[in-house]
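Trainee: Structure file model.cif (mmCIF, C-alpha atoms) right here:
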```cif
data_run
loop_
_atom_site.group_PDB
_atom_site.id
_atom_site.type_symbol
_atom_site.label_atom_id
_atom_site.label_comp_id
_atom_site.auth_asym_id
_atom_site.auth_seq_id
_atom_site.Cartn_x
_atom_site.Cartn_y
_atom_site.Cartn_z
ATOM 1 C CA MET A 252 16.541 -10.839 -6.589
ATOM 2 C CA PRO A 253 15.202 -14.375 -7.027
ATOM 3 C CA GLY A 254 12.900 -15.662 -4.332
ATOM 4 C CA THR A 255 12.076 -12.269 -2.828
ATOM 5 C CA ASP A 256 9.093 -9.951 -2.717
ATOM 6 C CA PHE A 257 10.857 -7.744 -5.261
ATOM 7 C CA GLN A 258 9.737 -10.164 -7.973
ATOM 8 C CA ARG A 259 6.075 -9.379 -7.320
ATOM 9 C CA ARG A 260 4.131 -6.911 -9.406
ATOM 10 C CA PHE A 261 4.182 -3.478 -7.837
ATOM 11 C CA ILE A 262 0.711 -1.913 -8.021
ATOM 12 C CA ARG A 263 -0.052 1.772 -7.658
ATOM 13 C CA ARG A 264 -3.434 3.348 -7.060
ATOM 14 C CA ALA A 265 -4.006 6.717 -8.661
ATOM 15 C CA VAL A 266 -6.784 9.278 -8.797
ATOM 16 C CA MET A 267 -7.593 10.708 -12.198
ATOM 17 C CA GLY A 268 -10.468 13.164 -12.560
ATOM 18 C CA GLY A 269 -12.943 11.490 -10.206
ATOM 19 C CA LEU A 270 -11.781 7.961 -11.070
ATOM 20 C CA GLN A 271 -9.833 5.560 -8.908
ATOM 21 C CA CYS A 272 -7.315 3.756 -11.113
ATOM 22 C CA ILE A 273 -4.872 0.907 -10.560
ATOM 23 C CA VAL A 274 -1.722 0.795 -12.666
ATOM 24 C CA VAL A 275 1.203 -1.666 -12.621
ATOM 25 C CA ARG A 276 4.116 0.576 -11.770
ATOM 26 C CA HIS A 277 6.951 -0.978 -13.778
ATOM 27 C CA SER A 278 4.957 -1.571 -16.978
ATOM 28 C CA GLY A 279 2.298 1.123 -16.833
ATOM 29 C CA ARG A 280 -0.354 -1.561 -17.490
ATOM 30 C CA TRP A 281 -3.824 -0.386 -16.496
ATOM 31 C CA LEU A 282 -5.736 -2.842 -14.279
ATOM 32 C CA GLY A 283 -8.977 -0.993 -13.810
ATOM 33 C CA SER A 284 -10.885 2.147 -12.870
ATOM 34 C CA GLU A 285 -13.818 2.875 -10.610
ATOM 35 C CA PRO A 286 -15.762 6.146 -10.700
ATOM 36 C CA VAL A 287 -16.240 7.996 -7.436
ATOM 37 C CA ALA A 288 -20.020 8.055 -6.945
ATOM 38 C CA GLU A 289 -21.677 11.443 -6.686
ATOM 39 C CA GLY A 290 -21.867 12.431 -3.033
ATOM 40 C CA SER A 291 -19.284 9.788 -2.086
ATOM 41 C CA TYR A 292 -15.518 9.907 -1.772
ATOM 42 C CA GLU A 293 -12.415 7.998 -2.868
ATOM 43 C CA ILE A 294 -12.176 5.285 -0.198
ATOM 44 C CA PRO A 295 -15.280 3.234 -1.183
ATOM 45 C CA ALA A 296 -14.382 3.550 -4.874
ATOM 46 C CA ALA A 297 -10.840 2.303 -4.243
ATOM 47 C CA GLN A 298 -12.112 -0.583 -2.121
ATOM 48 C CA GLU A 299 -14.509 -1.648 -4.876
ATOM 49 C CA LEU A 300 -11.671 -1.478 -7.381
ATOM 50 C CA PHE A 301 -9.433 -3.631 -5.158
ATOM 51 C CA ARG A 302 -12.227 -6.220 -5.055
ATOM 52 C CA ARG A 303 -12.218 -6.503 -8.865
ATOM 53 C CA ALA A 304 -8.647 -5.890 -9.998
ATOM 54 C CA PRO A 305 -6.203 -8.815 -10.423
ATOM 55 C CA ILE A 306 -3.896 -7.879 -7.532
ATOM 56 C CA GLU A 307 -3.177 -11.346 -6.087
ATOM 57 C CA GLY A 308 0.497 -11.720 -5.156
ATOM 58 C CA SER A 309 1.152 -8.003 -5.663
ATOM 59 C CA LEU A 310 2.363 -5.184 -3.447
ATOM 60 C CA VAL A 311 -0.270 -2.434 -3.400
ATOM 61 C CA THR A 312 0.765 1.108 -2.508
ATOM 62 C CA ALA A 313 -1.586 3.946 -1.667
ATOM 63 C CA ASP A 314 -1.479 7.371 -0.093
ATOM 64 C CA ALA A 315 -2.434 8.077 3.522
ATOM 65 C CA LEU A 316 -6.122 8.529 2.703
ATOM 66 C CA HIS A 317 -6.311 4.778 2.101
ATOM 67 C CA THR A 318 -4.531 3.765 5.315
ATOM 68 C CA GLN A 319 -7.747 2.164 6.542
ATOM 69 C CA THR A 320 -8.276 -1.097 8.423
ATOM 70 C CA GLU A 321 -10.941 -2.293 5.972
ATOM 71 C CA THR A 322 -8.794 -1.496 2.927
ATOM 72 C CA ALA A 323 -5.825 -3.374 4.415
ATOM 73 C CA ARG A 324 -8.027 -6.360 5.326
ATOM 74 C CA LEU A 325 -9.540 -6.446 1.857
ATOM 75 C CA ILE A 326 -6.153 -6.372 0.126
ATOM 76 C CA VAL A 327 -4.561 -9.050 2.331
ATOM 77 C CA GLN A 328 -7.381 -11.383 3.376
ATOM 78 C CA GLU A 329 -9.764 -11.191 0.436
ATOM 79 C CA ARG A 330 -7.372 -10.550 -2.439
ATOM 80 C CA GLY A 331 -4.125 -12.256 -1.380
ATOM 81 C CA ALA A 332 -1.904 -9.217 -1.903
ATOM 82 C CA ASP A 333 0.323 -7.148 0.376
ATOM 83 C CA TYR A 334 0.215 -3.405 0.958
ATOM 84 C CA LEU A 335 2.505 -0.490 1.717
ATOM 85 C CA PHE A 336 0.536 2.502 2.969
ATOM 86 C CA THR A 337 1.661 5.971 3.971
ATOM 87 C CA VAL A 338 1.248 6.890 7.643
ATOM 88 C CA LYS A 339 0.774 10.518 8.636
ATOM 89 C CA GLY A 340 0.562 12.220 11.993
ATOM 90 C CA ASN A 341 -3.180 12.837 11.689
ATOM 91 C CA GLN A 342 -3.727 9.132 12.445
ATOM 92 C CA LYS A 343 -2.151 9.329 15.876
ATOM 93 C CA GLY A 344 -2.758 5.721 16.926
ATOM 94 C CA VAL A 345 -1.308 4.350 13.696
ATOM 95 C CA ALA A 346 1.659 6.739 13.744
ATOM 96 C CA ASP A 347 2.412 5.877 17.392
ATOM 97 C CA ALA A 348 2.250 2.139 16.620
ATOM 98 C CA VAL A 349 4.683 2.538 13.710
ATOM 99 C CA ARG A 350 7.101 4.562 15.871
ATOM 100 C CA GLN A 351 6.959 1.896 18.596
ATOM 101 C CA LEU A 352 7.567 -0.901 16.087
ATOM 102 C CA HIS A 353 10.502 1.008 14.646
ATOM 103 C CA ARG A 354 12.037 1.528 18.086
ATOM 104 C CA ASN A 355 11.597 -2.121 19.041
ATOM 105 C CA LEU A 356 12.457 -3.786 15.751
ATOM 106 C CA SER A 357 14.791 -1.502 13.808
ATOM 107 C CA HIS A 358 17.767 -3.674 14.791
ATOM 108 C CA ALA A 359 16.107 -6.705 13.195
ATOM 109 C CA PHE A 360 15.980 -5.280 9.667
ATOM 110 C CA SER A 361 18.948 -5.737 7.416
ATOM 111 C CA PRO A 362 20.907 -3.975 6.039
ATOM 112 C CA SER A 363 20.400 -1.317 8.689
ATOM 113 C CA GLY A 364 23.065 -0.922 11.306
ATOM 114 C CA PRO A 365 22.471 -0.124 14.965
ATOM 115 C CA ASP A 366 21.933 3.567 14.165
ATOM 116 C CA GLY A 367 19.319 2.766 11.486
ATOM 117 C CA ARG A 368 21.667 3.567 8.583
ATOM 118 C CA ARG A 369 23.038 1.233 6.006
ATOM 119 C CA PRO A 370 26.718 0.607 6.753
ATOM 120 C CA ASP A 371 27.659 0.822 3.055
ATOM 121 C CA LEU A 372 26.230 4.332 2.545
#
```
For the structure just supplied, provide its representation as C-alpha cells.
Mentor:
Amino acid sequence: MPGTDFQRRFIRRAVMGGLQCIVVRHSGRWLGSEPVAEGSYEIPAAQELFRRAPIEGSLVTADALHTQTETARLIVQERGADYLFTVKGNQKGVADAVRQLHRNLSHAFSPSGPDGRRPDL
C-alpha cells in the first residue's frame, strides 16, 4: 500500500532469557539486545534498548508490561517511531480511556461499518 504506514518497518520487542531484544518482524533482522540488570526488571532494559536501536520511522509493538507513559514518550518523541501497545484491564485508567475512544470514534475508522464490523466480511 504505497504512501501508508504499512510500508514502515514493523518492530517487535521480545524477551529471551533475561535479555530484551528487538527484532524486525518481517525479516527477522536483529536490532539489539539489552540485559536485564540483576535486581531490576524488563521495563528499564527495554527503554535503554529503545534509546539505542535504529527504530526511527518504525511501528514498535510490545506487550502490556511496556504500556508505560515513559516508554511511549521515548519511542515517539525521542526516537521518531510509533507504537502499538497492548492494553489490559489491570491498567484501569488506560483501559477506560481506550473504551471511551472506541465508543466516540469507532465510526471514524474505515473500513468499519456502524456496528464496528467490516462490511465485506
Trainee: Around all of range 312-323 of chain A's listed atoms, make the axis-aligned box with 4 Å on each side and tell me centre and edge lengths in Å to one decimal, as AutoDock Vina command-line options.
Mentor:
```
--center_x -5.1 --center_y 2.6 --center_z 3.0 --size_x 19.7 --size_y 19.9 --size_z 18.9
```
Trainee: In Å to one decimal, how far is CA of Thr320 in chain A from CA of Glu307 in chain A?
Mentor: 18.5 Å
Trainee: How far is it from CA of Gly340 in chain A to CA of Tyr292 in chain A, in Å with one decimal?
Mentor: 21.3 Å
Trainee: What does the distance between CA of Ala346 in chain A and CA of Asp314 in chain A come to in Å, to one decimal place?
Mentor: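 CA of Asp314 in chain A lies at a distance of 14.2 Å from CA of Ala346 in chain A.
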Trainee: Any chance you could work out the residue set of the PyMOL selection byres ((chain A and resi 325) around 12) here, as a PyMOL selection string?
Mentor: chain A and resi 295+297-304+306-307+311+317-324+326-334
Trainee: Which residue gives the smallest distance to Leu310 in chain A among A:Phe336, A:Gly290, A:Leu352, A:Ala296, with all atoms listed in the file counted?
Mentor: A:Phe336
